[in-house]
Structures are given as structure tokens and as C-alpha cells.
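All remarks here apply to the structure that follows.
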Amino acid sequence: MARQRVPLPRLASDPDARLVRWGWIAWGGLTLLLVLQWAFSRGALGAVWLVQAAALWLLWPLYRGGGALWCWMRAAPHAAWNGAYYEFDGRQIRLLFDDDDVYVVADDVYTALDLRGHATDPARVRLIAGSDGLRQLPGRSELVFTERGLNAWLDRRSGEDAVRFRRWLEREVIAPHRRRRERQTGSIRRDP
């Protein structure tokens with residue numbers, strides 16, 4: 001039994017590269033027509049046609065530029081986190097890497113460990129993690145754990161999830177980050 005072909009709509013909401021390419025070719029052709037019309041026609045009828053064609057000429061770049069601006073504005077708030085998402089137990093964990101330092105967003109840790117209320121109070125967490133263990137990075141609104149602060153805080157947690165989280169953090173995040181940094185800097189540590 002042969003499968004039937006379903007025709008695609010001519011103006012899809014997400015145009016492919018061919019449609020965009022032909023749009024720019026048509027825009028270039030219209031540009032050439034406008035230049036020729038302006039160069040060879042000086043009558044009133046030519047001026048009216050020229051104004052209408054110029055409005056049509058502006059439509060394509062405004063449409064494509066507006067679409068690109070819209071996509072950029074939607075992606076801009078998340079640009080700092082691009083490539084910095086990890087997953088623990090089906091939950092998103094945001095991490096920032098700054099040379100040798102690793103910062104983990106505190107809200108993501110609390111969500112991964114199902115903590116609420118008193119256990120997530122920043123003043124209380126700072127008592128355990130240290131004053132530099134939980135902090136707010138410049139230009140960010142989230143509180144983040146440093147690697148040392150998170151380890152100190154996880155030392156005080158006795159649940160199975162905390163143990164699994166610590167193991168995951170060491171094996172899946174910190175160890176690969178250290179290996180990557182060693183390769184980048186060229187300094188390989190030799191264990192005796």
C-alpha cells in the first residue's frame with residue numbers, strides 16, 4: 001500500500017531555508033525593479049507606483065528582522081545558562097563554571113532534594129555552608145552554592161537523596177569539569 005503525500009502549506013509558521021532564500025531573491029529582484037523605475041520614470045503615475053513598491057520593498061526585511069529580534073529577545077534571558085543545564089533524577093540543575101569554581105543554583109538543589117520551608121532559609125543555610133558557601137553572584141538574582149559550601153551543606157543532610165545528589169555532582173559534573181580544565185590548561189596531575 002503506497003503512502004499518500006500530504007502537501008505542506010505554502011506559508012508555514014516555520015519556513016525552511018528554501019522559502020527564505022526565494023524571499024531574499026524576490027526582494028533583490030524588487031530592489032532592481034525599483035531602481036530601474038526610479039531611474040527611467042519621472043511621471044506622476046510612476047511616482048505613485050514607486051511609493052507603493054517601496055512600501056512592499058520594506059516589508060520583507062522588516063518581517064525577517066522582526067522575527068529575528070523576537071527570537072533573540074526570547075532567548076536573551078537564558079543566554080547565560082546555555083550549555084549549563086544538567087539533570088539529576090529528572091530535575092534540571094543549573095550550574096555556572098568560572099575557571100576552577102563551580103556554582104550550583106540553590107533553588108535547583110532544594111527542588112532536587114524536595115526541600116521546602118525552614119530548610120531553604122538562606123540565613124539558616126549560610127550557618128551550615130559558610131558565609132561564602134551560599135551567595136549571590138554579581139549580575140544574577142539567584143542564590144548559588146559554591147562547591148565547598150554545597151559539600152559542607154550536604155555533609156549535614158542524611159537522606160538518601162542527598163547522598164545520591166552528592167555522588168552525582170562529583171561524578172557527573174565536577175570530575176568531568178576538572179578533566180576538561182586540565183586538558184585546556186595542559187597541566188595534568190599525576191597521582192603516585
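Following the order of the C-alpha cells, first chain is A, next is B, and so on, with residues numbered from 1 inside each chain and ligands from 1 in the order they appear.
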- Item | For Tyr103 (chain A): contacts at 7 Å, only C-alpha atoms, fewer than 3 positions along chain excluded, given as a ChimeraX atom specification | /A:95-97,144-147
Report the closest atom pair, with its distance in Å rounded to one decimal, for each residue of region 49-93 of chain A that has an atom no farther than 10 Å from region 108-114 of chain A; count only C-alpha atoms, sort by chain and then rising residue number, and write it as CSV.
residue,atom,partner,partner_atom,distance
A:Glu87,CA,A:Ala112,CA,9.4
A:Phe88,CA,A:Ala112,CA,7.1
A:Asp89,CA,A:Ala112,CA,7.4
A:Gly90,CA,A:Ala112,CA,8.5
A:Arg91,CA,A:Ala112,CA,6.1
A:Gln92,CA,A:Asp108,CA,6.8
A:Ile93,CA,A:Asp108,CA,5.3
- In terms of only C-alpha atoms, the residue from A:Gly66, A:Leu150, A:Gln4, A:Leu19 at minimal distance from Ala162 (chain A) is A:Leu150
- When DSSP works through the backbone of this structure, what residues of region 108-156 of chain A end up as strand (DSSP E), shown as number ranges by chain? A: 134-136, 143-146
Output C-alpha atoms of each residue in that selection to a file, as a PDB file, in the first residue's frame.
ATOM      1  CA  LEU A 134      25.817  30.414  49.663  1.00  0.00           C
ATOM      2  CA  ARG A 135      25.999  33.725  47.879  1.00  0.00           C
ATOM      3  CA  GLN A 136      24.628  35.833  45.103  1.00  0.00           C
ATOM      4  CA  LEU A 143      21.478  32.370  45.174  1.00  0.00           C
ATOM      5  CA  VAL A 144      24.208  29.881  44.326  1.00  0.00           C
ATOM      6  CA  PHE A 145      26.199  27.329  46.283  1.00  0.00           C
ATOM      7  CA  THR A 146      29.949  27.211  45.854  1.00  0.00           C
TER       8      THR A 146
END
- Of A:Leu69, A:Leu36, A:Ala152, A:Val102, the one sitting nearest Pro176 (chain A) when using only C-alpha atoms is A:Val102
- Note on the structure: Computed gap from CA of Arg116 (chain A) to CA of Ala75 (chain A) is 29.7 Å
- Message: Excluding Arg148 (chain A) and its own-chain neighbours fewer than 3 positions away, which residues fall within 8 Å of it when counting only C-alpha atoms? Please give them as a PyMOL selection string.
- Response: chain A and resi 129+133+151-152
Same residues, C-alpha atoms, saved as a PDB file, in the first residue's frame:
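Heads up, here's the output in result14.pdb:
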ATOM      1  CA  ALA A 129      27.518  26.246  54.320  1.00  0.00           C
ATOM      2  CA  GLY A 133      29.153  28.885  50.680  1.00  0.00           C
ATOM      3  CA  ASN A 151      29.711  19.930  50.199  1.00  0.00           C
ATOM      4  CA  ALA A 152      29.536  21.357  53.736  1.00  0.00           C
TER       5      ALA A 152
END
- Item | Separation of CA of Pro138 (chain A) from CA of Asp98 (chain A), in Å and rounded to one decimal | 12.6 Å
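Using only C-alpha atoms, the residues found no farther than 10 Å from Ile174 (chain A), other than those of its own chain fewer than 4 positions away, are Phe97, Asp100, Asp101, Val102, Glu147, Trp168, Leu169, Glu170, Arg178, Arg179 and Arg180 of chain A.
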- Hey, which of A:Arg156, A:Cys71, A:Val173, A:Gly186 ends up closest to Tyr85 (chain A)? Count only C-alpha atoms.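 Ranked by minimum distance to Tyr85 (chain A), first place goes to A:Val173.
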- Task: List every residue of region 14-159 of chain A that DSSP, applied to the backbone, labels as alpha helix (DSSP H), and write the result as number ranges by chain.
- Result: A: 17-40, 44-75, 106-112, 122-129, 147-155
